[in-house]
file start.txt (compact mmCIF, C-alpha atoms)
# COMPACT_ATOMS: atom_id res chain seq x y z
CA MET A 1 117.81 76.11 15.25
CA ARG A 2 116.59 72.55 15.01
CA ALA A 3 114.87 73.19 11.71
CA VAL A 4 118.20 73.79 10.04
CA GLU A 5 119.46 70.42 11.13
CA SER A 6 116.51 68.67 9.58
CA ASP A 7 117.20 70.18 6.18
CA HIS A 8 120.77 71.16 5.62
CA GLN A 9 120.05 72.50 2.17
CA THR A 10 118.17 75.39 3.62
CA ALA A 11 119.62 78.19 5.60
CA LEU A 12 117.29 79.78 8.06
CA VAL A 13 117.95 83.46 8.03
CA ALA A 14 116.74 85.62 10.88
CA ASP A 15 117.52 89.27 10.92
CA VAL A 16 116.42 91.87 13.37
CA ASP A 17 116.04 95.33 11.92
CA ARG A 18 115.88 98.73 13.48
CA VAL A 19 112.12 99.06 13.81
CA ARG A 20 111.44 96.03 15.99
CA GLY A 21 110.92 93.77 13.05
CA VAL A 22 112.12 90.21 12.68
CA SER A 23 111.97 88.16 9.56
CA VAL A 24 112.69 84.55 8.91
CA GLN A 25 112.60 82.43 5.80
CA GLY A 26 113.20 78.90 4.68
CA LEU A 27 111.88 76.32 2.26
CA ALA A 28 108.09 76.17 2.39
CA GLN A 29 107.98 72.70 3.92
CA PRO A 30 106.18 71.41 6.99
CA TRP A 31 109.28 71.30 9.17
CA ILE A 32 109.53 75.08 9.17
CA VAL A 33 106.12 75.57 10.78
CA PRO A 34 107.04 74.71 14.42
CA THR A 35 110.10 76.96 14.17
CA VAL A 36 108.10 79.92 12.93
CA ARG A 37 105.31 79.52 15.50
CA THR A 38 107.85 79.16 18.30
CA LEU A 39 109.58 82.32 17.12
CA ALA A 40 106.23 84.13 17.12
CA ALA A 41 105.49 83.05 20.69
CA ASP A 42 108.99 83.88 21.84
CA LEU A 43 108.84 87.38 20.38
CA ALA A 44 105.44 87.98 21.96
CA ALA A 45 106.64 86.72 25.34
CA ARG A 46 109.79 88.83 25.25
CA ALA A 47 107.69 91.85 24.34
CA ASP A 48 105.69 91.04 27.50
CA PHE A 49 102.30 90.51 25.94
CA ASP A 50 99.97 88.53 28.20
CA LEU A 51 99.68 84.73 28.13
CA ASP A 52 96.42 84.69 26.18
CA PHE A 53 98.00 86.91 23.54
CA ILE A 54 101.08 84.72 23.34
CA SER A 55 99.26 81.44 22.86
CA ASP A 56 96.65 82.91 20.51
CA LEU A 57 99.43 84.32 18.37
CA ARG A 58 101.27 81.01 18.40
CA MET A 59 98.16 79.19 17.18
CA ALA A 60 97.38 81.84 14.57
CA VAL A 61 100.88 81.71 13.09
CA ASP A 62 100.71 77.93 13.12
CA GLU A 63 97.40 78.04 11.26
CA VAL A 64 98.68 80.58 8.71
CA CYS A 65 101.88 78.65 8.01
CA ALA A 66 100.06 75.34 7.72
CA ALA A 67 97.54 76.82 5.28
CA LEU A 68 100.26 78.35 3.13
CA VAL A 69 102.65 75.40 3.19
CA ARG A 70 99.81 73.26 1.91
CA LEU A 71 99.58 75.23 -1.31
CA ALA A 72 103.23 76.21 -1.58
CA ASP A 73 105.90 75.12 -3.98
CA PRO A 74 108.11 73.24 -1.50
CA ASP A 75 111.26 74.22 -3.38
CA LYS A 76 110.53 77.92 -2.93
CA ARG A 77 110.77 79.96 0.21
CA LEU A 78 108.27 80.71 2.89
CA ARG A 79 108.91 84.20 4.17
CA CYS A 80 107.63 85.47 7.44
CA SER A 81 108.09 88.87 8.97
CA PHE A 82 106.94 90.08 12.34
CA GLN A 83 106.50 93.66 13.47
CA LEU A 84 106.27 94.56 17.11
CA ALA A 85 104.83 97.64 18.75
CA ALA A 86 103.90 98.45 22.32
CA ASP A 87 100.41 97.02 22.12
CA TRP A 88 100.21 95.03 18.92
CA MET A 89 102.12 92.57 16.80
CA SER A 90 101.75 91.70 13.16
CA ALA A 91 102.88 88.77 11.09
CA GLU A 92 103.00 88.48 7.35
CA VAL A 93 103.70 85.12 5.81
CA SER A 94 103.98 84.42 2.11
CA VAL A 95 104.82 81.53 -0.20
CA VAL A 96 105.06 80.84 -3.92
CA PRO A 97 102.12 78.61 -4.82
CA ARG A 98 102.69 75.24 -6.44
CA GLU A 99 99.96 75.94 -8.97
CA SER A 100 99.51 79.42 -10.33
CA GLY A 101 96.33 81.07 -9.24
CA ALA A 102 96.08 79.02 -6.03
CA GLN A 103 94.04 80.79 -3.38
CA VAL A 104 93.87 80.73 0.37
CA SER A 105 90.44 79.59 1.47
CA THR A 106 88.63 82.23 3.48
CA THR A 107 85.45 80.24 4.01
CA GLY A 108 86.70 77.21 5.91
CA PHE A 109 87.16 76.43 9.56
CA GLY A 110 90.81 77.51 9.46
CA TRP A 111 89.84 81.03 8.49
CA ARG A 112 87.22 81.11 11.19
CA VAL A 113 89.89 80.13 13.67
CA LEU A 114 92.16 82.92 12.47
CA GLN A 115 89.41 85.49 12.79
CA SER A 116 88.82 84.40 16.37
CA LEU A 117 92.48 84.46 17.30
CA VAL A 118 93.58 87.82 15.92
CA ASP A 119 92.12 91.27 15.34
CA GLU A 120 92.79 91.57 11.63
CA VAL A 121 93.51 88.97 9.03
CA SER A 122 93.70 89.36 5.28
CA VAL A 123 94.94 87.57 2.19
CA SER A 124 97.33 89.24 -0.17
CA THR A 125 98.80 88.25 -3.50
CA GLY A 126 101.34 89.83 -5.76
CA ASP A 127 104.23 89.33 -8.12
CA GLU A 128 107.89 89.63 -7.54
CA ASP A 129 110.30 89.15 -10.42
CA ALA A 130 107.47 87.62 -12.43
CA THR A 131 106.80 85.05 -9.71
CA GLN A 132 103.39 85.03 -8.11
CA TRP A 133 103.18 84.87 -4.33
CA VAL A 134 100.30 84.37 -1.91
CA GLY A 135 100.35 85.64 1.62
CA ILE A 136 98.37 86.11 4.80
CA ARG A 137 98.81 89.08 7.06
CA LEU A 138 97.52 89.27 10.60
CA VAL A 139 97.51 91.82 13.37
CA LYS A 140 96.90 91.06 17.01
CA LYS A 141 96.32 93.76 19.57
CA GLN A 142 96.84 93.51 23.28
CA SER A 143 93.47 94.08 24.85
CA SER A 144 93.71 96.59 27.65
CA GLY A 145 92.88 95.58 31.18
CA MET B 1 103.54 65.07 43.04
CA GLY B 2 101.76 61.80 42.72
CA GLY B 3 102.47 61.52 39.03
CA HIS B 4 105.08 59.60 37.13
CA PRO B 5 108.70 60.50 36.65
CA VAL B 6 109.74 61.30 33.12
CA GLY B 7 112.23 58.48 32.95
CA GLU B 8 109.58 55.93 33.69
CA GLU B 9 107.33 57.30 30.99
CA ALA B 10 110.17 57.14 28.51
CA VAL B 11 110.81 53.53 29.38
CA ILE B 12 107.14 52.75 28.89
CA ARG B 13 107.18 54.22 25.43
CA MET B 14 110.28 52.34 24.45
CA SER B 15 108.99 49.05 25.69
CA GLU B 16 105.77 49.61 23.80
CA HIS B 17 107.71 50.20 20.61
CA ARG B 18 109.76 47.11 21.17
CA GLN B 19 106.65 45.07 21.58
CA PHE B 20 105.16 46.50 18.44
CA ASP B 21 108.30 45.55 16.54
CA GLN B 22 107.78 42.01 17.60
CA ALA B 23 104.09 41.95 16.94
CA GLY B 24 103.14 39.07 14.75
CA HIS B 25 105.87 36.91 16.21
CA ALA B 26 105.95 35.02 19.43
CA ASN B 27 105.27 38.08 21.53
CA ALA B 28 102.23 39.29 19.69
CA ALA B 29 99.98 38.61 22.63
CA ALA B 30 102.17 40.69 24.91
CA ALA B 31 102.07 43.58 22.48
CA ASP B 32 98.32 43.52 22.41
CA PRO B 33 96.86 42.73 25.80
CA GLY B 34 93.39 43.03 24.33
CA ARG B 35 93.95 40.20 21.92
CA HIS B 36 93.64 37.72 24.68
CA ASP B 37 90.49 39.44 25.89
CA ARG B 38 88.96 39.37 22.46
CA GLU B 39 89.67 35.70 21.98
CA ALA B 40 88.54 34.81 25.44
CA ALA B 41 85.53 37.01 25.13
CA ALA B 42 84.43 35.42 21.90
CA SER B 43 84.32 31.99 23.45
CA ASP B 44 83.11 32.95 26.92
CA GLU B 45 80.58 35.43 25.81
CA ASP B 46 77.60 33.16 25.79
CA SER B 47 78.27 31.94 29.29
CA GLU B 48 79.40 35.16 30.91
CA TYR B 49 77.85 38.08 29.11
CA GLY B 50 75.32 36.38 26.88
CA HIS B 51 72.43 37.50 29.06
CA LEU B 52 73.27 41.12 28.21
CA GLU B 53 72.97 40.57 24.47
CA PRO B 54 69.18 41.06 24.31
CA LEU B 55 69.54 44.23 26.37
CA LEU B 56 72.02 45.62 23.85
CA THR B 57 69.59 45.02 21.02
CA GLU B 58 66.80 46.58 23.01
CA TYR B 59 68.96 49.58 23.91
CA ALA B 60 70.00 50.19 20.31
CA GLN B 61 66.36 50.21 19.24
CA LEU B 62 65.21 52.84 21.72
CA THR B 63 65.08 56.42 20.49
CA GLU B 64 67.16 59.15 22.08
CA GLY B 65 64.47 60.52 24.32
CA ASP B 66 63.03 57.21 25.51
CA PRO B 67 62.67 57.16 29.32
CA ALA B 68 63.66 53.50 29.45
CA ARG B 69 67.08 54.29 27.98
CA ALA B 70 68.84 55.54 31.10
CA GLY B 71 68.00 52.50 33.19
CA LEU B 72 68.95 50.11 30.43
CA ARG B 73 72.22 51.92 29.84
CA GLU B 74 73.03 51.68 33.52
CA ARG B 75 72.41 47.93 33.53
CA LEU B 76 74.60 47.45 30.48
CA ILE B 77 77.43 49.50 31.94
CA THR B 78 77.29 47.64 35.23
CA GLY B 79 77.04 44.32 33.44
CA PHE B 80 80.08 44.84 31.24
CA LEU B 81 82.13 46.73 33.80
CA PRO B 82 84.24 43.70 34.83
CA ILE B 83 85.70 43.71 31.31
CA ALA B 84 86.83 47.32 31.68
CA HIS B 85 88.47 46.50 35.00
CA HIS B 86 90.11 43.43 33.58
CA LEU B 87 91.52 45.47 30.70
CA ALA B 88 92.76 48.16 33.08
CA ARG B 89 94.67 45.59 35.10
CA ARG B 90 96.42 44.41 31.97
CA TYR B 91 97.74 47.91 31.35
CA SER B 92 98.71 48.58 34.95
CA GLN B 93 102.31 48.45 36.22
CA ARG B 94 103.11 51.26 33.85
CA GLY B 95 103.29 54.07 36.34
CA VAL B 96 99.61 54.92 36.24
CA PRO B 97 97.20 53.94 39.02
CA THR B 98 94.96 51.05 38.00
CA GLU B 99 91.87 52.94 39.22
CA ASP B 100 92.62 55.70 36.74
CA LEU B 101 92.95 53.18 33.95
CA ALA B 102 89.74 51.48 34.99
CA GLN B 103 87.97 54.82 34.80
CA VAL B 104 89.38 55.47 31.34
CA ALA B 105 88.44 52.00 30.12
CA SER B 106 84.93 52.46 31.53
CA LEU B 107 84.64 55.63 29.50
CA GLY B 108 85.44 53.57 26.42
CA LEU B 109 82.86 51.03 27.47
CA VAL B 110 80.15 53.69 27.73
CA GLN B 111 81.07 54.97 24.27
CA ALA B 112 80.94 51.46 22.89
CA ILE B 113 77.52 50.84 24.43
CA ASP B 114 76.21 54.07 22.94
CA ARG B 115 77.65 53.45 19.50
CA TYR B 116 77.12 49.74 19.11
CA ASP B 117 74.85 48.75 16.29
CA PRO B 118 73.74 45.10 16.54
CA ASN B 119 72.51 45.23 12.94
CA LEU B 120 76.09 45.33 11.70
CA GLY B 121 76.45 41.72 12.68
CA HIS B 122 79.58 41.62 14.81
CA ASN B 123 79.40 40.83 18.46
CA PHE B 124 79.56 43.54 21.05
CA LEU B 125 82.83 42.62 22.70
CA ALA B 126 84.68 42.55 19.41
CA PHE B 127 83.62 46.18 19.10
CA ALA B 128 83.86 47.26 22.74
CA ILE B 129 87.30 45.94 23.60
CA PRO B 130 89.17 47.85 20.88
CA THR B 131 87.17 50.96 21.83
CA MET B 132 88.25 50.62 25.46
CA GLN B 133 91.82 49.92 24.42
CA GLY B 134 91.74 53.01 22.25
CA GLU B 135 90.75 55.13 25.23
CA VAL B 136 93.49 53.63 27.37
CA ARG B 137 96.10 54.15 24.68
CA ARG B 138 94.99 57.74 24.20
CA TYR B 139 95.31 58.24 27.92
CA PHE B 140 98.89 57.01 27.88
CA ARG B 141 99.70 59.05 24.82
CA ASP B 142 98.28 62.22 26.33
CA ARG B 143 100.34 61.73 29.44
CA THR B 144 103.63 61.09 27.82
CA TRP B 145 106.23 63.81 27.58
CA SER B 146 107.19 64.37 23.98
CA MET B 147 110.59 65.62 25.04
CA ARG B 148 112.68 65.06 28.06
CA VAL B 149 112.19 68.08 30.29
CA PRO B 150 114.52 68.62 33.27
CA ARG B 151 112.97 68.46 36.70
CA ARG B 152 113.84 72.10 37.39
CA LEU B 153 111.80 73.21 34.38
CA ARG B 154 108.85 71.01 35.25
CA GLU B 155 108.76 72.51 38.71
CA LEU B 156 109.12 75.98 37.29
CA HIS B 157 106.25 75.24 34.97
CA ILE B 158 104.05 74.23 37.91
CA GLN B 159 104.98 77.40 39.79
CA ILE B 160 104.12 79.50 36.76
CA GLY B 161 100.80 77.72 36.53
CA HIS B 162 99.94 78.57 40.12
CA ALA B 163 101.04 82.19 39.71
CA THR B 164 99.05 82.48 36.49
CA ARG B 165 95.90 81.30 38.17
CA ASP B 166 96.29 83.68 41.10
CA LEU B 167 97.19 86.63 38.91
CA SER B 168 94.33 85.98 36.49
CA GLN B 169 91.92 86.19 39.39
CA GLN B 170 93.49 89.37 40.71
CA LEU B 171 93.80 91.10 37.35
CA GLY B 172 90.73 89.78 35.57
CA ARG B 173 92.89 88.92 32.55
CA ALA B 174 95.84 86.73 31.69
CA PRO B 175 99.09 87.94 33.28
CA ARG B 176 102.12 89.13 31.38
CA PRO B 177 105.42 87.28 31.77
CA SER B 178 106.85 90.26 33.71
CA GLU B 179 103.97 90.06 36.19
CA ILE B 180 104.58 86.36 36.73
CA ALA B 181 108.30 87.02 37.19
CA ALA B 182 107.59 89.69 39.79
CA LYS B 183 105.19 87.48 41.69
CA LEU B 184 107.58 84.53 41.79
CA GLY B 185 110.66 86.66 42.35
CA ILE B 186 112.44 85.19 39.34
CA SER B 187 113.76 86.68 36.12
CA ALA B 188 111.64 87.17 33.02
CA GLU B 189 114.04 84.86 31.22
CA GLU B 190 113.20 82.07 33.63
CA VAL B 191 109.50 82.63 33.05
CA LEU B 192 110.04 82.27 29.32
CA GLU B 193 111.95 79.04 29.91
CA GLY B 194 109.18 77.68 32.09
CA LEU B 195 106.51 78.60 29.55
CA GLU B 196 108.48 76.99 26.76
CA ALA B 197 108.89 73.83 28.83
CA GLY B 198 105.11 73.60 28.85
CA THR B 199 105.01 73.20 25.09
CA ALA B 200 107.29 70.19 25.33
CA TYR B 201 104.72 67.78 26.57
CA SER B 202 101.62 66.74 24.79
CA ALA B 203 99.09 67.07 27.59
CA SER B 204 99.70 66.47 31.14
CA SER B 205 99.82 64.72 34.35
CA LEU B 206 101.23 68.01 35.54
CA ASP B 207 98.06 69.89 34.89
CA ARG B 208 96.01 67.38 36.77
CA GLU B 209 98.04 68.18 39.82
CA LEU B 210 98.12 71.85 39.02
CA ASP B 211 94.38 72.08 38.78
CA GLY B 212 93.57 69.50 41.40
CA SER B 213 90.95 68.18 39.05
CA ASP B 214 90.66 64.48 38.48
CA SER B 215 87.07 64.60 37.43
CA GLU B 216 87.42 64.44 33.69
CA GLY B 217 84.99 62.65 31.49
CA SER B 218 81.26 62.48 31.82
CA ALA B 219 80.86 64.65 34.92
CA LEU B 220 82.76 67.41 33.19
CA ALA B 221 80.77 66.98 30.01
CA GLU B 222 77.61 67.51 32.00
CA ARG B 223 79.03 70.56 33.67
CA LEU B 224 79.92 72.10 30.34
CA GLY B 225 76.60 71.40 28.75
CA ALA B 226 76.19 70.51 25.12
CA ASN B 227 75.51 73.92 23.61
CA ASP B 228 76.87 74.69 20.16
CA PRO B 229 76.70 78.48 20.05
CA GLN B 230 76.40 79.90 16.55
CA LEU B 231 77.62 76.75 14.94
CA GLU B 232 74.63 76.71 12.62
CA LEU B 233 75.81 79.97 11.09
CA VAL B 234 79.08 78.54 9.98
CA GLU B 235 79.49 77.63 6.40
CA ILE B 236 81.67 74.65 7.17
CA HIS B 237 79.05 73.33 9.53
CA HIS B 238 78.56 70.17 7.50
CA THR B 239 82.19 69.19 7.33
CA LEU B 240 83.04 70.22 10.86
CA GLN B 241 80.08 68.78 12.72
CA PRO B 242 80.94 65.10 12.27
CA LEU B 243 84.53 65.74 13.35
CA LEU B 244 83.42 67.66 16.40
CA ALA B 245 81.28 64.74 17.40
CA THR B 246 84.36 62.55 17.59
CA LEU B 247 86.21 64.86 19.97
CA PRO B 248 86.28 64.20 23.70
CA ALA B 249 83.66 66.32 25.47
CA ARG B 250 86.17 68.63 27.06
CA GLU B 251 88.19 69.33 23.92
CA ARG B 252 85.01 69.94 21.99
CA ALA B 253 83.62 72.32 24.59
CA ILE B 254 86.87 74.26 24.76
CA LEU B 255 87.04 74.54 20.99
CA LEU B 256 83.49 75.82 20.76
CA MET B 257 83.98 78.30 23.58
CA ARG B 258 87.11 79.73 22.00
CA PHE B 259 86.15 79.87 18.34
CA PHE B 260 82.39 80.15 18.46
CA GLY B 261 81.76 81.57 21.90
CA ASN B 262 84.37 84.33 21.73
CA MET B 263 85.83 83.49 25.13
CA THR B 264 89.48 84.03 26.01
CA GLN B 265 91.65 81.12 27.12
CA THR B 266 91.75 82.53 30.63
CA GLN B 267 87.95 82.68 30.78
CA ILE B 268 87.72 79.13 29.46
CA ALA B 269 90.30 77.95 31.98
CA GLU B 270 88.21 79.34 34.80
CA LYS B 271 85.00 77.86 33.49
CA VAL B 272 86.41 74.39 32.85
CA GLY B 273 88.56 74.36 35.97
CA ILE B 274 91.94 73.75 34.34
CA SER B 275 94.93 76.02 33.82
CA GLN B 276 95.24 78.54 31.00
CA MET B 277 98.35 76.71 29.83
CA HIS B 278 96.42 73.48 29.66
CA VAL B 279 93.64 75.16 27.67
CA SER B 280 96.28 76.49 25.32
CA ARG B 281 97.78 73.05 24.79
CA LEU B 282 94.44 71.33 24.33
CA LEU B 283 93.33 73.93 21.80
CA ALA B 284 96.55 73.73 19.80
CA LYS B 285 96.41 69.95 19.78
CA THR B 286 92.73 69.83 18.83
CA LEU B 287 93.25 72.32 16.02
CA ALA B 288 96.15 70.35 14.63
CA ASP B 289 94.07 67.15 14.75
CA LEU B 290 91.12 68.79 13.05
CA ARG B 291 93.29 70.38 10.38
CA GLU B 292 94.78 67.01 9.60
CA ARG B 293 91.35 65.46 9.20
CA LEU B 294 89.63 68.33 7.41
CA GLU B 295 92.40 68.80 4.88
CA PRO B 296 94.79 65.88 4.81
CA ALA B 297 98.14 66.99 3.48

call {"tool": "encode", "arguments": {"input": "start.txt", "output": "structure tokens"}}
result
Amino acid sequence: MRAVESDHQTALVADVDRVRGVSVQGLAQPWIVPTVRTLAADLAARADFDLDFISDLRMAVDEVCAALVRLADPDKRLRCSFQLAADWMSAEVSVVPRESGAQVSTTGFGWRVLQSLVDEVSVSTGDEDATQWVGIRLVKKQSSG
Amino acid sequence: MGGHPVGEEAVIRMSEHRQFDQAGHANAAAADPGRHDREAAASDEDSEYGHLEPLLTEYAQLTEGDPARAGLRERLITGFLPIAHHLARRYSQRGVPTEDLAQVASLGLVQAIDRYDPNLGHNFLAFAIPTMQGEVRRYFRDRTWSMRVPRRLRELHIQIGHATRDLSQQLGRAPRPSEIAAKLGISAEEVLEGLEAGTAYSASSLDRELDGSDSEGSALAERLGANDPQLELVEIHHTLQPLLATLPARERAILLMRFFGNMTQTQIAEKVGISQMHVSRLLAKTLADLRERLEPA
């Protein structure tokens, strides 16, 4: 992938597991965002979701990654995992914040955009090995018709 | 297609860069066609456009709803129009019809007339010419491929656009890639390629052909109306509103329809008269612009 070329220090690891899940991770820096959104759109297209779904998902993942990269420690990883089912897809993206206690804004225009683009969106936080992480999870359903 | 081959566009970009590199040296005037206009305008203004000056002042003083405004605006536009045409000619020979450029420059002129504030002390042309140039530059930028896309993929992309429009009408929703593949008699993989090719350019001469719509600008703005559904309810109203005002009418309308009007891209495409893929690109681009300005990195 092109992203790897632009930062040789970071390996981009994609692995496809048994339950139609794909995850990808790399340093939480702006260059990773186009790669992740393109992966999201590609997965959605290959799963044969309709064109509105595909481009909404692409924009939503772009928005999520941009929001998280902004508050992320750029030397830590951004992790993103997608789950695919017959009529929905989910994405969960998380980063380690630069400043502890940093929050994702859920009152701004960006959040409004996310709410319009997907069916469910929520913020999550947690600790792993004593390191705090912040994440956004979204679910988009294929409307019937 | 009546558009411009990719190679030509690429050459245009390169030559522009080269000129910018030399700006400030002997070639500065070539790099900035408007410079000449500004200088000339400053000296010629009294003789050529001086009679319009009082009208500008009068126009700026009228309130929004004043019945005299429309007529005055018309006279100002007509009066200054030769400048827009002159500017357009300076940017021609770059693979875009001069009439198109003249239209774009005129759009900038109208904006300048509407925004000009005589109380700020500078003369109108010093304000209007950069505004018109800005519009023309934006036009070139929006029609430049950001990546070199092979001809086969561009044609595939056009075919997919046509199929998408037909299928959307038949199905009442956006088609799936498999449905497009079946309609065109090509593989799903090819559809994916064609869709991906569409993300490689920033906006599009392609779409103009695809949609057969040349009537961008003010006519479209009128067609879309100026409604801001539900915007008042939004908490970020105060920060967003001024930015929205700076967006081109079409981008603004599309943004509002998608995020505040709860319309799908396919519905918006139908309403605005452009392709779903074009709506998708415009939305993504507008969002990225807004994000940059709302929360600079």

call {"tool": "closest_residue", "arguments": {"input": "start.txt", "among": "B:Pro177, B:Ile274, B:Val136, B:Leu247", "to": "chain A", "atoms": "only C-alpha atoms"}}
result
B:Pro177

call {"tool": "closest_residue", "arguments": {"input": "start.txt", "among": "B:Ala60, B:Leu244, B:Ala174, B:Val272", "to": "chain A", "atoms": "only C-alpha atoms"}}
result
B:Ala174

call {"tool": "atom_distance", "arguments": {"input": "start.txt", "atom1": "atom CA of B:Ile83", "atom2": "atom CA of B:Leu243"}}
result
28.4 Å

call {"tool": "interface_residues", "arguments": {"input": "start.txt", "of": "chain A", "to": "chain B", "cutoff": "10 Å", "atoms": "only C-alpha atoms", "output": "JSON list (two decimals) with C-alpha atoms, keeping the file's coordinate frame"}}
result
[["chain", "number", "residue", "atom", "x", "y", "z"],
["A", 30, "PRO", "CA", 106.18, 71.41, 6.99],
["A", 38, "THR", "CA", 107.85, 79.16, 18.30],
["A", 41, "ALA", "CA", 105.49, 83.05, 20.69],
["A", 42, "ASP", "CA", 108.99, 83.88, 21.84],
["A", 44, "ALA", "CA", 105.44, 87.98, 21.96],
["A", 45, "ALA", "CA", 106.64, 86.72, 25.34],
["A", 46, "ARG", "CA", 109.79, 88.83, 25.25],
["A", 47, "ALA", "CA", 107.69, 91.85, 24.34],
["A", 48, "ASP", "CA", 105.69, 91.04, 27.50],
["A", 49, "PHE", "CA", 102.30, 90.51, 25.94],
["A", 50, "ASP", "CA", 99.97, 88.53, 28.20],
["A", 51, "LEU", "CA", 99.68, 84.73, 28.13],
["A", 52, "ASP", "CA", 96.42, 84.69, 26.18],
["A", 53, "PHE", "CA", 98.00, 86.91, 23.54],
["A", 54, "ILE", "CA", 101.08, 84.72, 23.34],
["A", 55, "SER", "CA", 99.26, 81.44, 22.86],
["A", 56, "ASP", "CA", 96.65, 82.91, 20.51],
["A", 58, "ARG", "CA", 101.27, 81.01, 18.40],
["A", 59, "MET", "CA", 98.16, 79.19, 17.18],
["A", 60, "ALA", "CA", 97.38, 81.84, 14.57],
["A", 62, "ASP", "CA", 100.71, 77.93, 13.12],
["A", 63, "GLU", "CA", 97.40, 78.04, 11.26],
["A", 66, "ALA", "CA", 100.06, 75.34, 7.72],
["A", 67, "ALA", "CA", 97.54, 76.82, 5.28],
["A", 69, "VAL", "CA", 102.65, 75.40, 3.19],
["A", 70, "ARG", "CA", 99.81, 73.26, 1.91],
["A", 71, "LEU", "CA", 99.58, 75.23, -1.31],
["A", 107, "THR", "CA", 85.45, 80.24, 4.01],
["A", 108, "GLY", "CA", 86.70, 77.21, 5.91],
["A", 109, "PHE", "CA", 87.16, 76.43, 9.56],
["A", 110, "GLY", "CA", 90.81, 77.51, 9.46],
["A", 112, "ARG", "CA", 87.22, 81.11, 11.19],
["A", 113, "VAL", "CA", 89.89, 80.13, 13.67],
["A", 114, "LEU", "CA", 92.16, 82.92, 12.47],
["A", 115, "GLN", "CA", 89.41, 85.49, 12.79],
["A", 116, "SER", "CA", 88.82, 84.40, 16.37],
["A", 117, "LEU", "CA", 92.48, 84.46, 17.30],
["A", 143, "SER", "CA", 93.47, 94.08, 24.85],
["A", 144, "SER", "CA", 93.71, 96.59, 27.65],
["A", 145, "GLY", "CA", 92.88, 95.58, 31.18]]

call {"tool": "atom_distance", "arguments": {"input": "start.txt", "atom1": "atom CA of A:Asp119", "atom2": "atom CA of A:Lys141"}}
result
6.5 Å

call {"tool": "atom_distance", "arguments": {"input": "start.txt", "atom1": "atom CA of A:Thr35", "atom2": "atom CA of A:Ser23"}}
result
12.3 Å

call {"tool": "residues_around", "arguments": {"input": "start.txt", "residues": "A:Arg98", "least_positions_apart": "6", "cutoff": "8 Å", "atoms": "only C-alpha atoms", "output": "ChimeraX atom specification"}}
result
/A:71-74

call {"tool": "residues_around", "arguments": {"input": "start.txt", "residues": "B:Ala112", "least_positions_apart": "6", "cutoff": "10 Å", "atoms": "only C-alpha atoms", "output": "compact mmCIF listing (two decimals) with C-alpha atoms, keeping the file's coordinate frame"}}
result
# COMPACT_ATOMS: atom_id res chain seq x y z
CA ILE B 77 77.43 49.50 31.94
CA SER B 106 84.93 52.46 31.53
CA PHE B 124 79.56 43.54 21.05
CA LEU B 125 82.83 42.62 22.70
CA PHE B 127 83.62 46.18 19.10
CA ALA B 128 83.86 47.26 22.74
CA ILE B 129 87.30 45.94 23.60
CA PRO B 130 89.17 47.85 20.88
CA THR B 131 87.17 50.96 21.83
CA MET B 132 88.25 50.62 25.46

call {"tool": "residues_near_point", "arguments": {"input": "start.txt", "point": "(103.1, 94.0, 19.5)", "cutoff": "8 Å", "atoms": "only C-alpha atoms", "output": "count of residues only"}}
result
14

call {"tool": "closest_residue", "arguments": {"input": "start.txt", "among": "B:Arg165, B:Phe140, B:Glu135, B:Thr246", "to": "B:Gln103", "atoms": "all atoms listed in the file"}}
result
B:Glu135

call {"tool": "axis_aligned_box", "arguments": {"input": "start.txt", "around": "stretch 188-192 of chain B", "padding_each_side": "6 Å", "output": "JSON"}}
result
{"center_x": 111.8, "center_y": 84.6, "center_z": 31.5, "size_x": 16.5, "size_y": 17.1, "size_z": 16.3}

call {"tool": "residues_around", "arguments": {"input": "start.txt", "residues": "A:Val96", "least_positions_apart": "6", "cutoff": "9 Å", "atoms": "all atoms listed in the file", "output": "ChimeraX atom specification"}}
result
/A:28,68,71-74,76-78,131-135

call {"tool": "write_last_selection", "arguments": {"input": "start.txt", "atoms": "C-alpha atoms", "output": "mmCIF file, keeping the file's coordinate frame"}}
result
data_model
loop_
_atom_site.group_PDB
_atom_site.id
_atom_site.type_symbol
_atom_site.label_atom_id
_atom_site.label_comp_id
_atom_site.auth_asym_id
_atom_site.auth_seq_id
_atom_site.Cartn_x
_atom_site.Cartn_y
_atom_site.Cartn_z
ATOM 1 C CA ALA A 28 108.090 76.170 2.390
ATOM 2 C CA LEU A 68 100.260 78.350 3.130
ATOM 3 C CA LEU A 71 99.580 75.230 -1.310
ATOM 4 C CA ALA A 72 103.230 76.210 -1.580
ATOM 5 C CA ASP A 73 105.900 75.120 -3.980
ATOM 6 C CA PRO A 74 108.110 73.240 -1.500
ATOM 7 C CA LYS A 76 110.530 77.920 -2.930
ATOM 8 C CA ARG A 77 110.770 79.960 0.210
ATOM 9 C CA LEU A 78 108.270 80.710 2.890
ATOM 10 C CA THR A 131 106.800 85.050 -9.710
ATOM 11 C CA GLN A 132 103.390 85.030 -8.110
ATOM 12 C CA TRP A 133 103.180 84.870 -4.330
ATOM 13 C CA VAL A 134 100.300 84.370 -1.910
ATOM 14 C CA GLY A 135 100.350 85.640 1.620
#
